[in-house]
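Chemist: Quick one: the structure is below, and I'll ask about it shortly.
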Amino acid sequence: MKGYNFAYLDEQTKRMIRRALLKAVAIPGHQIPFGSREMPLPYGWGTGGIQVTAAVIGADDTLKIIDQGADDTTNAVSIRHFFARTAGVATTTRTKDATIIQTRHRIPETPLRDGQIIVYQVPQPEPLWRLEPSRVETKRMHALADYGLMHVKLYEDISRLGQISISYDYPVLVNGRYLMSPSPIPAFDNPKMNRSPALQLFGAGREKRIYAIPPWTEVRSLDFDDHPFRPINASYACGICGAENSYKDEVITDDQGGRMFVCSDTDYCERHRHDG
Amino acid sequence: MAYVAVKGGERAIRGAHAWLAEERRGDPGVPSVDVAQIREQLGRAVDRVMAEGSLYDPDLAALAIKQAQGDLIEAAFLLRAFRTTLPRFGYSKPIDTGAMRAARRVSAIFKDIPGGQLLGPTYDYTHRLLDFELFDNPPPPDAVRAAPDNGPLPRVSDILGAEGLLESDGPADAEPGDLTREPLRFPAARDVRLQALARGDEGFLLAMGYSTQRGYGGSHPFAGEIRMGEVSIEIEPPELGFAIDIGDVTLTECQMVNQFKGSKTLPPQFTRGYGLVFGFSERKAMSMALVDRALRAPELGEDVTAPAQNAEFVLYHSDNIEASGFVEHLKLPHYVDFQSELQNVRRMREAAK
């Protein structure tokens with residue numbers, strides 16, 4: 001785009017972000033502060049993910065942008081348009097054709113492969129924030145790997161409700177060391193992070209933090225021996241493609257209680273319909 | 001079918017933005033407002049946008065106000081997003097507000113001060129009666145101004161400081177931090193705190209400052225001095241070796257003087273709260289000074305009990321660009337998370353049966 005650098009950010013800023021990314025990859029799950037810039041999109045609308053994508057994207061990359069699993073949700077459309085405009089890169093809706101996937105709230109159903117990068121938009125990088133609002137305190141807790149507070153929260157859920165009540169943004173332990181927010185993906189998606197062949201990068205623009213999971217890293221959803229982690233999903237097949245193992249959106253069809261369940265991953269749904 | 005309704009986002013966005021442009025123009029029978037008219041006649045709005053957008057450019061601020069239909073936070077956001085793309089040629093020398101060509105300068109702690117009390121173009125003492133004559137755009141009355149004194153306007157804080165009754169500002173030896181390059185970290189030093197406050201939302205600072213006056217972290221403030229006027233900006237290019245004046249900016253500065261009983265290490269003396277804002281914005285400069293003083297509680301050995309004294313609370317929530325983005329992001333689709341909550345609640349209700 002005239003008057004702007006490739007992928008909007010200037011090269012100095014990209015270097016600063018890449019340095020933060022390198023640190024993040026070197027210490028899986030650890031939050032690295034970075035000099036997040038104001039972007040022409042609002043904070044909370046993907047500015048962290050956009051900055052990370054802008055720092056790693058090259059002219060020959062193929063970019064896929066999803067929000068809620070879908071390529072055609074308004075904010076995904078807006079961000080895809082931003083990169084098409086500022087970087088002129090090829091875009092795709094097919095998970096397997098993409099070299100970089102930027103996502104909000106989902107991990108694609110199609111397993112990621114070696115060489116792909118998935119960039120998560122993160123509203124709140126601090127997994128402990130609901131339990132301890134002070135970042136000075138939570139920083140200390142991470143340094144000491146003092147995660148008792150979170151285990152107590154899970155235990156209290158079980159003793160009061162009979163089960164863990166967290167259904168999305170379900171905390172994970174990365175590489176056996178750092179407690180990490182997987183971003184607000186449904187707990188259903190958590191297992192996809194474990195030992196993924198893809199590089200997973202997380203950008204939180206407003207909170208000015210970057211973190212990462214290198215390929216093939218262990219990512220464990222917190223649980224107890226007698227209360228193992230249980231991802232939740234609607235127990236219906238997709239009303240469009242018939243897929244049973246995919247994550248479903250619930251669609252209200254009338255005001256008489258009518259509803260259907262459809263794949264949240266629009267690319268997966270389309271492939272599944274075509275390939276039977 | 002409802003599912004289809006979320007498709008076609010691209011076309012919908014284009015349509016929405018075209019509608020927005022039409023609405024921004026309003027009734028085509030009414031003349032379009034010029035950016036120059038906004039700059040000249042809505043100066044306080046321009047000043048606020050420059051301060052919160054942290055870019056001193058009245059023309060661009062006026063353009064942003066026009067583009068944002070007068071939504072000042074949206075306008076500040078436009079200015080900020082533009083600001084980040086600008087290259088940095090250098091850093092100015094510290095400005096000298098003591099040498100300000102003041103249009104206004106008042107002190108609430110001394111009846112008369114060297115250089116005098118200058119009321120300037122203020123809303124103070126106006127009666128807030130709607131002036132229906134403004135409907136007809138009458139010419140303004142002649143403003144009779146006192147002959148400029150041109151004498152020095154020493155800071156009231158310096159006069160008090162000479163006697164040792166007011167704490168000193170401390171040495172200015174270290175490079176100041178820069179929040180626009182480095183993220184906020186705690187404990188945040190006063191330079192960084194002041195930068196955050198100078199960029200912060202006027203309404204938020206007003207409420208925080210007000211809270212200290214109602215018992216949530218009181219600091220017994222007096223308005224030592226408020227001054228507003230033009231200050232020269234100087235840079236010293238390394239190849240020249242001497243400073244050159246590159247232009248003037250209008251600033252509002254507030255020095256609050258606060259009672260202080262003393263502590264184990266400090267004798268009883270007055271302490272400072274400082275506010276400095278782009279443009280003419282007394283409300284913000286004063287609020288900022290109250291909050292600055294409240295945030296100094298730990299260094300002065302005071303208990304941190306109130307929100308305005310809590311640096312994490314104040315500094316993480318003072319930026320209206322961050323705040324409005326995150327509050328308004330709630331209108332983005334959340335159906336995946338909501339769906340997982342729905343399933344969860346259904347499962348728990350099932351289990352409770």
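Labels for the structure tokens follow display order: chains A, B, ..., residues from 1 in each chain, ligands from 1.
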Let's see if you can do this: from backbone DSSP, list all helix (DSSP H, G or I) residues in segment 76-121 of chain B, as a VMD selection string.
Modeler: chain B and resid 76 to 83 97 to 99
Chemist: Which residues are near segment 193-200 of chain B? Cut-off 10 Å, only C-alpha atoms, ignore same chain within fewer than 6 positions. Put them as a PyMOL selection string.
Modeler: chain B and resi 48-55+76+176-180+184+187+274-278+284-285+287-289+291-292+295-296+311+314-321
Chemist: For chain B against chain A, with a cut-off of 6 Å and counting only C-alpha atoms, what is the closest atom pair and its distance in Å to one decimal for every residue that makes the cut, ordered by chain and number, as a tab-separated table?
Modeler:
```
residue	atom	partner	partner_atom	distance
B:Lys7	CA	A:Asp72	CA	5.9
B:Gly9	CA	A:Thr74	CA	5.0
B:Ala81	CA	A:Pro40	CA	5.2
B:Arg181	CA	A:Gly35	CA	5.0
B:Glu182	CA	A:Gly35	CA	4.6
B:Pro183	CA	A:Gly35	CA	5.1
B:Glu322	CA	A:Tyr43	CA	5.5
B:Gly325	CA	A:Tyr43	CA	4.5
B:Phe326	CA	A:Gly44	CA	4.5
B:His329	CA	A:Gly44	CA	5.5
B:Val336	CA	A:Gln68	CA	5.7
B:Asp337	CA	A:Pro186	CA	6.0
B:Ser340	CA	A:Ser167	CA	5.5
B:Glu341	CA	A:Ser167	CA	5.8
```
Chemist: For the structure I just gave you, how does DSSP split segment 44-223 of chain A - specifically, which residues are strand (DSSP E)? Reply as a count of residues only.
Modeler: 38
Chemist: What's the separation between atom CA of Ile66 of chain A and atom CA of Ala204 of chain A, in Å to one decimal place?
Modeler: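 Straight-line distance from atom CA of Ile66 of chain A to atom CA of Ala204 of chain A works out to 16.6 Å.
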Chemist: If you count only C-alpha atoms, which residues fall within 12 Å of Glu253 of chain B, apart from same-chain ones fewer than 5 positions away, as a ChimeraX atom specification?
Modeler: /B:95-98,100,102,104-107,155-157,198,223-231,273-289
Chemist: For the selection just defined, write its residues with N, CA and C atoms to a file, as a compact mmCIF listing (two decimals), in the first residue's frame.
Modeler:
```
# COMPACT_ATOMS: atom_id res chain seq x y z
N ILE B 95 11.69 20.88 27.73
CA ILE B 95 11.08 22.20 27.56
C ILE B 95 11.19 22.97 28.88
N ASP B 96 11.17 24.29 28.76
CA ASP B 96 11.26 25.14 29.95
C ASP B 96 9.94 25.87 30.13
N THR B 97 9.08 25.32 31.00
CA THR B 97 7.77 25.97 31.20
C THR B 97 7.94 27.27 31.99
N GLY B 98 9.11 27.45 32.63
CA GLY B 98 9.38 28.71 33.32
C GLY B 98 9.46 29.86 32.33
N MET B 100 7.63 30.04 29.68
CA MET B 100 6.38 30.02 28.90
C MET B 100 5.89 31.44 28.63
N ALA B 102 2.99 33.02 28.81
CA ALA B 102 1.74 32.58 29.41
C ALA B 102 0.57 33.47 29.00
N ARG B 104 -2.29 32.62 30.46
CA ARG B 104 -3.03 32.49 31.70
C ARG B 104 -2.07 31.96 32.75
N ARG B 105 -2.21 32.48 33.95
CA ARG B 105 -1.36 32.01 35.04
C ARG B 105 -2.00 32.43 36.34
N VAL B 106 -2.44 31.44 37.11
CA VAL B 106 -3.07 31.75 38.39
C VAL B 106 -2.46 30.89 39.49
N SER B 107 -2.41 31.49 40.69
CA SER B 107 -1.99 30.73 41.85
C SER B 107 -3.09 30.88 42.89
N ARG B 155 8.17 30.35 38.58
CA ARG B 155 7.20 29.36 39.05
C ARG B 155 6.99 29.53 40.55
N VAL B 156 5.74 29.47 40.95
CA VAL B 156 5.43 29.59 42.37
C VAL B 156 6.13 28.47 43.15
N SER B 157 6.22 27.32 42.53
CA SER B 157 6.88 26.20 43.21
C SER B 157 8.35 26.49 43.46
N ALA B 198 -0.32 11.81 31.11
CA ALA B 198 -0.45 12.87 30.10
C ALA B 198 -1.23 12.36 28.89
N ALA B 223 -3.84 24.41 44.74
CA ALA B 223 -3.38 24.70 43.38
C ALA B 223 -2.28 25.75 43.47
N GLY B 224 -1.06 25.28 43.59
CA GLY B 224 0.08 26.18 43.71
C GLY B 224 0.15 27.12 42.53
N GLU B 225 0.05 26.55 41.35
CA GLU B 225 0.06 27.37 40.15
C GLU B 225 -0.48 26.59 38.97
N ILE B 226 -1.22 27.31 38.14
CA ILE B 226 -1.67 26.76 36.86
C ILE B 226 -1.25 27.77 35.81
N ARG B 227 -0.58 27.32 34.79
CA ARG B 227 -0.23 28.26 33.72
C ARG B 227 -0.48 27.61 32.36
N MET B 228 -0.85 28.44 31.42
CA MET B 228 -1.13 27.96 30.07
C MET B 228 -0.54 28.96 29.10
N GLY B 229 0.13 28.47 28.08
CA GLY B 229 0.70 29.38 27.09
C GLY B 229 1.64 28.63 26.16
N GLU B 230 2.41 29.39 25.42
CA GLU B 230 3.28 28.78 24.41
C GLU B 230 4.68 28.56 24.96
N VAL B 231 5.23 27.42 24.58
CA VAL B 231 6.58 27.06 24.98
C VAL B 231 7.35 26.67 23.72
N GLY B 273 2.48 17.57 43.30
CA GLY B 273 1.76 16.76 42.32
C GLY B 273 1.84 17.55 41.03
N TYR B 274 2.13 16.88 39.92
CA TYR B 274 2.42 17.61 38.69
C TYR B 274 1.52 17.17 37.54
N GLY B 275 1.08 18.17 36.80
CA GLY B 275 0.28 17.88 35.60
C GLY B 275 0.77 18.72 34.44
N LEU B 276 0.90 18.09 33.27
CA LEU B 276 1.31 18.82 32.06
C LEU B 276 0.58 18.19 30.88
N VAL B 277 -0.12 19.05 30.13
CA VAL B 277 -0.97 18.54 29.06
C VAL B 277 -0.82 19.41 27.83
N PHE B 278 -0.90 18.79 26.65
CA PHE B 278 -0.95 19.55 25.39
C PHE B 278 -2.19 20.43 25.38
N GLY B 279 -2.04 21.64 24.85
CA GLY B 279 -3.18 22.51 24.63
C GLY B 279 -3.68 23.15 25.92
N PHE B 280 -4.90 23.67 25.83
CA PHE B 280 -5.51 24.35 26.97
C PHE B 280 -6.46 23.35 27.61
N SER B 281 -6.01 22.72 28.66
CA SER B 281 -6.84 21.71 29.30
C SER B 281 -6.56 21.70 30.79
N GLU B 282 -7.15 22.68 31.46
CA GLU B 282 -6.90 22.85 32.87
C GLU B 282 -7.48 21.70 33.70
N ARG B 283 -8.68 21.26 33.29
CA ARG B 283 -9.34 20.19 34.04
C ARG B 283 -8.43 18.97 34.08
N LYS B 284 -7.84 18.66 32.93
CA LYS B 284 -6.99 17.48 32.89
C LYS B 284 -5.68 17.70 33.62
N ALA B 285 -5.06 18.87 33.43
CA ALA B 285 -3.77 19.13 34.10
C ALA B 285 -3.94 19.05 35.62
N MET B 286 -5.05 19.59 36.13
CA MET B 286 -5.28 19.56 37.58
C MET B 286 -5.55 18.14 38.06
N SER B 287 -6.39 17.42 37.32
CA SER B 287 -6.69 16.03 37.69
C SER B 287 -5.40 15.21 37.70
N MET B 288 -4.60 15.42 36.66
CA MET B 288 -3.34 14.68 36.53
C MET B 288 -2.44 14.95 37.74
N ALA B 289 -2.39 16.21 38.17
CA ALA B 289 -1.54 16.56 39.31
C ALA B 289 -2.03 15.88 40.59
```
Chemist: Name the closest residue to Thr271 of chain B among the candidates B:Tyr210, B:Phe222, B:Phe110, B:Tyr56; distances are taken between atoms, counting only C-alpha atoms.
Modeler: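 Comparing B:Tyr210, B:Phe222, B:Phe110, B:Tyr56 against Thr271 of chain B, the winner is B:Phe222.
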Chemist: Using only C-alpha atoms, can you tell me which of A:Lys153, A:Arg177, A:Arg273, A:Arg113 comes closest to Arg130 of chain A?
Modeler: A:Lys153
Chemist: Please list as number ranges by chain every residue within 8 Å of Pro307 of chain B, counting only C-alpha atoms and excluding residues in the same chain fewer than 2 positions away.
Modeler: B: 208, 216-217, 305, 309-310, 313-314
Chemist: Do a neighbour search on Gln269 of chain B at 7 Å with only C-alpha atoms, toss out local chain neighbours closer than 2 positions, and write the hits as a PyMOL selection string.
Modeler: chain B and resi 165-167+259-262+267+271
Chemist: Which of these, A:Asn245, A:Ile240, A:His142, A:Asp267, has the shortest distance to Ala98 of chain A once you count only C-alpha atoms?
Modeler: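 Checking each of A:Asn245, A:Ile240, A:His142, A:Asp267 against Ala98 of chain A, counting only C-alpha atoms, the winner is A:Asp267.
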Chemist: Any idea what the distance is between atom CA of Ala243 of chain A and atom CA of Lys192 of chain A?
Modeler: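 A separation of 17.6 Å between them.
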Chemist: One number please: atom CA of Gly176 of chain A to atom CA of Thr217 of chain A, in Å, one decimal.
Modeler: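 These atoms are spaced 9.5 Å apart.
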Chemist: What lies within 7 Å of Ile117 of chain A using only C-alpha atoms, ignoring chain neighbours under 6 positions off, as a list in words?
Modeler: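 My reading of the contact set: Thr99, Ile100, Ile101, Ala198, Leu199 and Gln200 of chain A.
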Chemist: Could the residues in this selection be saved with N, CA and C atoms as a compact mmCIF listing (two decimals), in the first residue's frame?
Modeler:
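And here's result38.txt as it stands now:
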```txt
# COMPACT_ATOMS: atom_id res chain seq x y z
N THR A 99 0.28 -21.09 4.96
CA THR A 99 1.55 -21.21 5.68
C THR A 99 1.44 -20.51 7.04
N ILE A 100 0.59 -19.47 7.10
CA ILE A 100 0.31 -18.79 8.37
C ILE A 100 -1.20 -18.74 8.56
N ILE A 101 -1.64 -19.12 9.75
CA ILE A 101 -3.06 -19.03 10.08
C ILE A 101 -3.19 -18.11 11.29
N ALA A 198 3.11 -27.77 14.31
CA ALA A 198 3.17 -26.36 13.88
C ALA A 198 3.75 -25.50 14.98
N LEU A 199 4.30 -24.34 14.58
CA LEU A 199 4.77 -23.34 15.54
C LEU A 199 3.56 -22.51 15.98
N GLN A 200 3.36 -22.40 17.30
CA GLN A 200 2.20 -21.66 17.81
C GLN A 200 2.68 -20.36 18.46
```
Chemist: Could you check which of B:Thr126, B:Ala308, B:Phe338, B:Ile109 is closest to Asn258 of chain B, using only C-alpha atoms?
Modeler: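 Comparing B:Thr126, B:Ala308, B:Phe338, B:Ile109 against Asn258 of chain B, the winner is B:Ile109.
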